[in-house]
Every structure is written in C-alpha cells, then in structure tokens.
>>> print(open('entry.csv').read())   # CSV, C-alpha atoms
chain,number,residue,atom,x,y,z
A,26,MET,CA,-9.4,20.8,-9.8
A,27,VAL,CA,-9.3,17.0,-9.8
A,28,PRO,CA,-8.7,15.4,-13.3
A,29,ASP,CA,-11.3,12.9,-14.6
A,30,HIS,CA,-8.8,10.1,-14.3
A,31,LEU,CA,-8.0,10.8,-10.6
A,32,LEU,CA,-5.0,8.4,-10.5
A,33,ILE,CA,-1.5,9.3,-11.6
A,34,ALA,CA,0.1,5.8,-11.7
A,35,ILE,CA,0.3,2.4,-10.1
A,36,ASP,CA,2.4,3.1,-7.0
A,37,HIS,CA,2.9,-0.4,-5.8
A,38,VAL,CA,1.4,-3.8,-5.3
A,39,GLY,CA,1.3,-4.9,-1.6
A,40,ILE,CA,2.1,-8.5,-0.8
A,41,ALA,CA,1.4,-10.0,2.7
A,42,VAL,CA,4.2,-12.2,3.9
A,43,PRO,CA,4.6,-14.0,7.3
A,44,ASP,CA,8.4,-13.3,7.5
A,45,LEU,CA,9.9,-10.2,5.9
A,46,ASP,CA,13.5,-11.5,6.0
A,47,GLU,CA,12.6,-14.7,4.3
A,48,ALA,CA,10.5,-12.9,1.7
A,49,LEU,CA,13.4,-10.4,1.0
A,50,GLU,CA,15.7,-13.3,0.4
A,51,PHE,CA,13.2,-15.1,-1.9
A,52,TYR,CA,12.5,-12.0,-4.0
A,53,ALA,CA,16.3,-11.3,-4.4
A,54,ASN,CA,17.3,-14.9,-5.2
A,55,VAL,CA,14.4,-15.7,-7.5
A,56,PHE,CA,13.5,-12.4,-9.2
A,57,GLY,CA,16.5,-10.3,-8.6
A,58,LEU,CA,14.4,-7.6,-6.8
A,59,HIS,CA,16.1,-5.8,-4.0
A,60,SER,CA,14.9,-3.5,-1.2
A,61,VAL,CA,15.2,0.2,-1.7
A,62,HIS,CA,13.4,1.2,1.5
A,63,GLU,CA,12.5,-0.6,4.7
A,64,GLU,CA,10.6,0.7,7.8
A,65,ILE,CA,8.4,-0.3,10.7
A,66,ASN,CA,4.9,1.4,10.7
A,67,GLU,CA,3.6,0.9,14.2
A,68,GLU,CA,0.2,2.6,13.3
A,69,GLN,CA,-0.4,0.1,10.5
A,70,GLY,CA,1.1,-2.8,12.5
A,71,VAL,CA,3.7,-3.8,9.8
A,72,ARG,CA,7.3,-4.2,9.0
A,73,GLU,CA,7.6,-3.4,5.3
A,74,ALA,CA,10.1,-3.2,2.5
A,75,MET,CA,9.7,-1.6,-0.9
A,76,LEU,CA,11.4,-3.5,-3.8
A,77,ALA,CA,12.5,-1.8,-6.9
A,78,VAL,CA,11.3,-3.3,-10.2
A,79,GLY,CA,14.0,-2.6,-12.8
A,80,ASP,CA,15.1,1.0,-13.3
A,81,THR,CA,11.5,2.3,-12.8
A,82,ASP,CA,9.7,3.8,-9.8
A,83,GLN,CA,7.4,0.8,-9.8
A,84,ARG,CA,7.5,-1.0,-6.5
A,85,ILE,CA,6.5,-4.3,-4.8
A,86,GLN,CA,5.7,-3.8,-1.2
A,87,LEU,CA,6.3,-6.7,1.2
A,88,LEU,CA,4.2,-6.4,4.4
A,89,ALA,CA,4.9,-8.5,7.5
A,90,PRO,CA,2.8,-8.3,10.7
A,91,LEU,CA,4.3,-6.9,13.9
A,92,SER,CA,1.7,-8.8,16.0
A,93,ASP,CA,-1.1,-11.3,15.7
A,94,GLN,CA,-3.6,-8.4,16.0
A,95,SER,CA,-2.4,-6.5,12.9
A,96,THR,CA,-4.5,-6.2,9.8
A,97,ILE,CA,-1.8,-8.1,7.8
A,98,ALA,CA,-1.7,-10.9,10.4
A,99,LYS,CA,-5.5,-11.3,10.0
A,100,PHE,CA,-5.2,-11.2,6.2
A,101,LEU,CA,-2.5,-14.0,6.4
A,102,THR,CA,-4.7,-16.1,8.7
A,103,ARG,CA,-7.7,-15.8,6.3
A,104,ASN,CA,-5.9,-15.9,2.9
A,105,GLY,CA,-2.3,-17.0,3.4
A,106,PRO,CA,0.6,-15.1,1.8
A,107,GLY,CA,-0.2,-13.2,-1.4
A,108,ILE,CA,-1.4,-9.9,-2.9
A,109,GLN,CA,-3.1,-7.8,-0.2
A,110,GLN,CA,-3.6,-4.5,-2.1
A,111,LEU,CA,-3.1,-2.5,-5.2
A,112,ALA,CA,-1.9,1.0,-4.6
A,113,TYR,CA,-2.5,4.0,-6.9
A,114,ARG,CA,-0.6,7.3,-6.7
A,115,VAL,CA,-2.6,10.4,-6.4
A,116,SER,CA,-1.6,14.1,-6.3
A,117,ASP,CA,-4.3,15.3,-3.9
A,118,LEU,CA,-5.6,12.6,-1.6
A,119,ASP,CA,-8.3,14.8,0.0
A,120,ALA,CA,-9.8,15.8,-3.4
A,121,VAL,CA,-9.7,12.2,-4.7
A,122,SER,CA,-11.3,10.9,-1.5
A,123,ASP,CA,-14.1,13.5,-1.8
A,124,VAL,CA,-14.7,12.5,-5.5
A,125,LEU,CA,-14.7,8.8,-4.7
A,126,ARG,CA,-17.1,9.2,-1.8
A,127,SER,CA,-19.4,11.3,-4.0
A,128,ARG,CA,-19.3,8.3,-6.4
A,129,GLY,CA,-20.5,6.0,-3.6
A,130,MET,CA,-17.2,4.5,-2.6
A,131,ARG,CA,-16.5,3.8,1.1
A,132,LEU,CA,-13.1,4.7,2.4
A,133,LEU,CA,-11.7,2.9,5.4
A,134,TYR,CA,-10.6,6.0,7.2
A,135,ASP,CA,-12.3,9.3,7.8
A,136,GLN,CA,-8.9,11.0,7.6
A,137,PRO,CA,-5.8,9.8,5.8
A,138,LYS,CA,-3.2,7.8,7.7
A,139,ARG,CA,0.6,7.9,7.5
A,140,GLY,CA,2.0,5.5,4.9
A,141,THR,CA,5.4,4.5,3.7
A,142,SER,CA,8.0,7.3,3.7
A,143,ASP,CA,5.6,9.7,5.3
A,144,SER,CA,3.1,9.5,2.5
A,145,ARG,CA,-0.6,10.0,3.2
A,146,VAL,CA,-2.8,7.0,2.5
A,147,ASN,CA,-6.4,5.8,2.6
A,148,PHE,CA,-8.1,2.7,1.2
A,149,VAL,CA,-11.2,2.0,-0.8
A,150,HIS,CA,-13.3,-0.8,0.7
A,151,PRO,CA,-12.8,-4.0,-1.3
A,152,LYS,CA,-16.5,-4.6,-1.4
A,153,ASP,CA,-16.8,-1.4,-3.3
A,154,ALA,CA,-13.9,-2.1,-5.7
A,155,GLY,CA,-14.6,-5.5,-7.1
A,156,GLY,CA,-13.0,-7.4,-4.3
A,157,VAL,CA,-9.7,-5.5,-4.5
A,158,LEU,CA,-8.4,-3.4,-1.5
A,159,VAL,CA,-7.4,-0.2,-3.3
A,160,GLU,CA,-4.8,2.0,-1.6
A,161,LEU,CA,-4.6,5.7,-2.5
A,162,VAL,CA,-1.1,7.1,-2.0
A,163,GLU,CA,-0.2,10.8,-1.9
A,164,PRO,CA,3.6,10.8,-1.7
A,165,ALA,CA,5.3,13.1,0.8
A,166,ALA,CA,6.1,16.5,-0.6
A,167,ASP,CA,9.8,15.7,-0.7
A,168,ALA,CA,9.4,12.3,-2.3
A,169,ALA,CA,11.1,11.6,-5.7
A,170,HIS,CA,8.2,10.5,-7.9
>>> encode(input="entry.csv", output="structure tokens")
Amino acid sequence: MVPDHLLIAIDHVGIAVPDLDEALEFYANVFGLHSVHEEINEEQGVREAMLAVGDTDQRIQLLAPLSDQSTIAKFLTRNGPGIQQLAYRVSDLDAVSDVLRSRGMRLLYDQPKRGTSDSRVNFVHPKDAGGVLVELVEPAADAAH
C-alpha cells in the first residue's frame, strides 16, 4: 500500500559542476560542507560527491561529467553550473512509479537505474513537474536512512 504522500523526505539536491575537486574545495571553504561519500557512476556518466549538511541526513550532491556526452555535461553546456535536480526519498520506487504514471507523469526510465550507494532511482520528466527534474530515490536495503 502506497501512502497518499508517496515521498518520505527530501533526499538531496543535485548540483551540476564542471570540476568536482574545485567544487568540493569551494563548498568546504565557503560553507563548511564536507564530502561523506564519493563515487564514479559510469552508467550515469558522473563523478559525484555527497556533502553532509550539519548533523542531518540531508545532502547536497555534486555531479561532474565523466565525458562531454554525459547528461551532466549537456546540462552544463545548456545551463552552466547550478541546481540540476531535486531528489525525494521513497520507500518503494516501483509502487511510487506506478502511481505517478497513473497520474500522468512521464518517468525517464522504464526500469529503475542504479544510483548513489546502490540506491534505485528514476526521474520524473521536468516538463511534467513544473520545470524541475525530480529524482526518486529508494535507498539500498542496507543504507542508514
């Protein structure tokens, strides 16, 4: 049974950056935010870091392209650095996806993809969500959320 509200929490805000190392230094020096997780996601074409915000489980995700063909590289070319997506945590990605599709939302993938830390992810098309790329994140079963 999927709750009416569908979404558990804001999981993170994704920010596209051209250079991850420079962005990590900027966020540490200016805002005092430090990386708690970094990885390369070949499937998504990104090198990424999750920054902790205070003593919460709220995160800022920095996304840098691995190649000029990655989605993040294309975003940077079109828009420059900045907020690329807003991610909500969900408990059952498949059920939430079914509900959203029944409500007329287009999801970018037929099947979920692997996200950060082996989470399962999908995205609501920004044209269906008021211009915002909405990411849906189901944390891995062993994640500490």
>>> atom_distance(input="entry.csv", atom1="CA of Met130 (chain A)", atom2="CA of Leu111 (chain A)")
16.0 Å
>>> atom_distance(input="entry.csv", atom1="CA of Ala41 (chain A)", atom2="CA of Pro106 (chain A)")
5.2 Å
>>> residues_around(input="entry.csv", residues="region 81-92 of chain A", least_positions_apart="5", cutoff="10 Å", atoms="only C-alpha atoms", output="VMD selection string")
chain A and resid 34 to 46 48 to 49 52 58 to 63 65 to 67 69 to 76 97 to 101 106 to 112 141 169 to 170
>>> closest_residue(input="entry.csv", among="A:Leu31, A:Tyr113, A:Val124, A:Thr102", to="Glu160 (chain A)", atoms="all atoms listed in the file")
A:Tyr113
>>> atom_distance(input="entry.csv", atom1="CA of Ala166 (chain A)", atom2="CA of Gly79 (chain A)")
24.0 Å
>>> decode(input="entry.csv", residues="region 118-140 of chain A", atoms="N, CA, C and O atoms", output="PDB file, in the first residue's frame")
ATOM      1  N   LEU A 118      10.106   2.293  -4.790  1.00  0.00           N
ATOM      2  CA  LEU A 118      10.203   3.011  -6.060  1.00  0.00           C
ATOM      3  C   LEU A 118       9.242   2.473  -7.106  1.00  0.00           C
ATOM      4  O   LEU A 118       8.633   3.242  -7.850  1.00  0.00           O
ATOM      5  N   ASP A 119       9.074   1.165  -7.161  1.00  0.00           N
ATOM      6  CA  ASP A 119       8.181   0.589  -8.163  1.00  0.00           C
ATOM      7  C   ASP A 119       6.738   1.034  -7.939  1.00  0.00           C
ATOM      8  O   ASP A 119       6.049   1.439  -8.885  1.00  0.00           O
ATOM      9  N   ALA A 120       6.275   0.994  -6.694  1.00  0.00           N
ATOM     10  CA  ALA A 120       4.901   1.407  -6.386  1.00  0.00           C
ATOM     11  C   ALA A 120       4.704   2.892  -6.644  1.00  0.00           C
ATOM     12  O   ALA A 120       3.699   3.299  -7.239  1.00  0.00           O
ATOM     13  N   VAL A 121       5.663   3.712  -6.216  1.00  0.00           N
ATOM     14  CA  VAL A 121       5.552   5.160  -6.439  1.00  0.00           C
ATOM     15  C   VAL A 121       5.559   5.467  -7.935  1.00  0.00           C
ATOM     16  O   VAL A 121       4.779   6.289  -8.413  1.00  0.00           O
ATOM     17  N   SER A 122       6.418   4.783  -8.685  1.00  0.00           N
ATOM     18  CA  SER A 122       6.467   4.981 -10.143  1.00  0.00           C
ATOM     19  C   SER A 122       5.127   4.647 -10.782  1.00  0.00           C
ATOM     20  O   SER A 122       4.640   5.384 -11.654  1.00  0.00           O
ATOM     21  N   ASP A 123       4.517   3.535 -10.361  1.00  0.00           N
ATOM     22  CA  ASP A 123       3.205   3.145 -10.896  1.00  0.00           C
ATOM     23  C   ASP A 123       2.156   4.207 -10.602  1.00  0.00           C
ATOM     24  O   ASP A 123       1.362   4.572 -11.483  1.00  0.00           O
ATOM     25  N   VAL A 124       2.146   4.718  -9.373  1.00  0.00           N
ATOM     26  CA  VAL A 124       1.171   5.753  -9.002  1.00  0.00           C
ATOM     27  C   VAL A 124       1.394   7.018  -9.831  1.00  0.00           C
ATOM     28  O   VAL A 124       0.443   7.601 -10.366  1.00  0.00           O
ATOM     29  N   LEU A 125       2.640   7.450  -9.944  1.00  0.00           N
ATOM     30  CA  LEU A 125       2.917   8.672 -10.708  1.00  0.00           C
ATOM     31  C   LEU A 125       2.549   8.508 -12.176  1.00  0.00           C
ATOM     32  O   LEU A 125       1.980   9.427 -12.784  1.00  0.00           O
ATOM     33  N   ARG A 126       2.847   7.355 -12.756  1.00  0.00           N
ATOM     34  CA  ARG A 126       2.448   7.116 -14.151  1.00  0.00           C
ATOM     35  C   ARG A 126       0.925   7.153 -14.283  1.00  0.00           C
ATOM     36  O   ARG A 126       0.402   7.696 -15.253  1.00  0.00           O
ATOM     37  N   SER A 127       0.217   6.597 -13.294  1.00  0.00           N
ATOM     38  CA  SER A 127      -1.254   6.615 -13.344  1.00  0.00           C
ATOM     39  C   SER A 127      -1.797   8.033 -13.226  1.00  0.00           C
ATOM     40  O   SER A 127      -2.923   8.297 -13.638  1.00  0.00           O
ATOM     41  N   ARG A 128      -0.988   8.935 -12.679  1.00  0.00           N
ATOM     42  CA  ARG A 128      -1.371  10.350 -12.546  1.00  0.00           C
ATOM     43  C   ARG A 128      -0.872  11.184 -13.726  1.00  0.00           C
ATOM     44  O   ARG A 128      -0.895  12.413 -13.681  1.00  0.00           O
ATOM     45  N   GLY A 129      -0.378  10.509 -14.772  1.00  0.00           N
ATOM     46  CA  GLY A 129       0.008  11.207 -15.998  1.00  0.00           C
ATOM     47  C   GLY A 129       1.451  11.668 -16.065  1.00  0.00           C
ATOM     48  O   GLY A 129       1.826  12.372 -17.004  1.00  0.00           O
ATOM     49  N   MET A 130       2.271  11.285 -15.100  1.00  0.00           N
ATOM     50  CA  MET A 130       3.675  11.695 -15.109  1.00  0.00           C
ATOM     51  C   MET A 130       4.501  10.755 -15.984  1.00  0.00           C
ATOM     52  O   MET A 130       4.294   9.547 -15.978  1.00  0.00           O
ATOM     53  N   ARG A 131       5.415  11.346 -16.751  1.00  0.00           N
ATOM     54  CA  ARG A 131       6.351  10.550 -17.547  1.00  0.00           C
ATOM     55  C   ARG A 131       7.624  10.351 -16.735  1.00  0.00           C
ATOM     56  O   ARG A 131       8.191  11.320 -16.228  1.00  0.00           O
ATOM     57  N   LEU A 132       8.060   9.099 -16.607  1.00  0.00           N
ATOM     58  CA  LEU A 132       9.334   8.806 -15.976  1.00  0.00           C
ATOM     59  C   LEU A 132      10.366   8.569 -17.072  1.00  0.00           C
ATOM     60  O   LEU A 132      10.036   8.073 -18.147  1.00  0.00           O
ATOM     61  N   LEU A 133      11.610   8.952 -16.784  1.00  0.00           N
ATOM     62  CA  LEU A 133      12.637   8.882 -17.818  1.00  0.00           C
ATOM     63  C   LEU A 133      13.022   7.457 -18.185  1.00  0.00           C
ATOM     64  O   LEU A 133      13.423   7.196 -19.311  1.00  0.00           O
ATOM     65  N   TYR A 134      12.909   6.528 -17.226  1.00  0.00           N
ATOM     66  CA  TYR A 134      13.307   5.150 -17.488  1.00  0.00           C
ATOM     67  C   TYR A 134      12.135   4.207 -17.273  1.00  0.00           C
ATOM     68  O   TYR A 134      11.349   4.376 -16.349  1.00  0.00           O
ATOM     69  N   ASP A 135      12.057   3.174 -18.124  1.00  0.00           N
ATOM     70  CA  ASP A 135      11.040   2.136 -17.928  1.00  0.00           C
ATOM     71  C   ASP A 135      11.312   1.352 -16.651  1.00  0.00           C
ATOM     72  O   ASP A 135      10.398   0.964 -15.940  1.00  0.00           O
ATOM     73  N   GLN A 136      12.590   1.114 -16.378  1.00  0.00           N
ATOM     74  CA  GLN A 136      13.016   0.394 -15.178  1.00  0.00           C
ATOM     75  C   GLN A 136      14.002   1.266 -14.411  1.00  0.00           C
ATOM     76  O   GLN A 136      14.789   2.002 -15.022  1.00  0.00           O
ATOM     77  N   PRO A 137      14.014   1.181 -13.078  1.00  0.00           N
ATOM     78  CA  PRO A 137      14.945   1.997 -12.295  1.00  0.00           C
ATOM     79  C   PRO A 137      16.398   1.724 -12.668  1.00  0.00           C
ATOM     80  O   PRO A 137      16.747   0.644 -13.140  1.00  0.00           O
ATOM     81  N   LYS A 138      17.226   2.734 -12.439  1.00  0.00           N
ATOM     82  CA  LYS A 138      18.671   2.627 -12.651  1.00  0.00           C
ATOM     83  C   LYS A 138      19.360   2.598 -11.289  1.00  0.00           C
ATOM     84  O   LYS A 138      18.766   2.917 -10.268  1.00  0.00           O
ATOM     85  N   ARG A 139      20.659   2.244 -11.311  1.00  0.00           N
ATOM     86  CA  ARG A 139      21.445   2.274 -10.086  1.00  0.00           C
ATOM     87  C   ARG A 139      21.875   3.702  -9.807  1.00  0.00           C
ATOM     88  O   ARG A 139      22.418   4.378 -10.668  1.00  0.00           O
ATOM     89  N   GLY A 140      21.615   4.166  -8.583  1.00  0.00           N
ATOM     90  CA  GLY A 140      22.025   5.499  -8.164  1.00  0.00           C
ATOM     91  C   GLY A 140      23.151   5.422  -7.152  1.00  0.00           C
ATOM     92  O   GLY A 140      23.807   4.389  -6.996  1.00  0.00           O
TER      93      GLY A 140
END
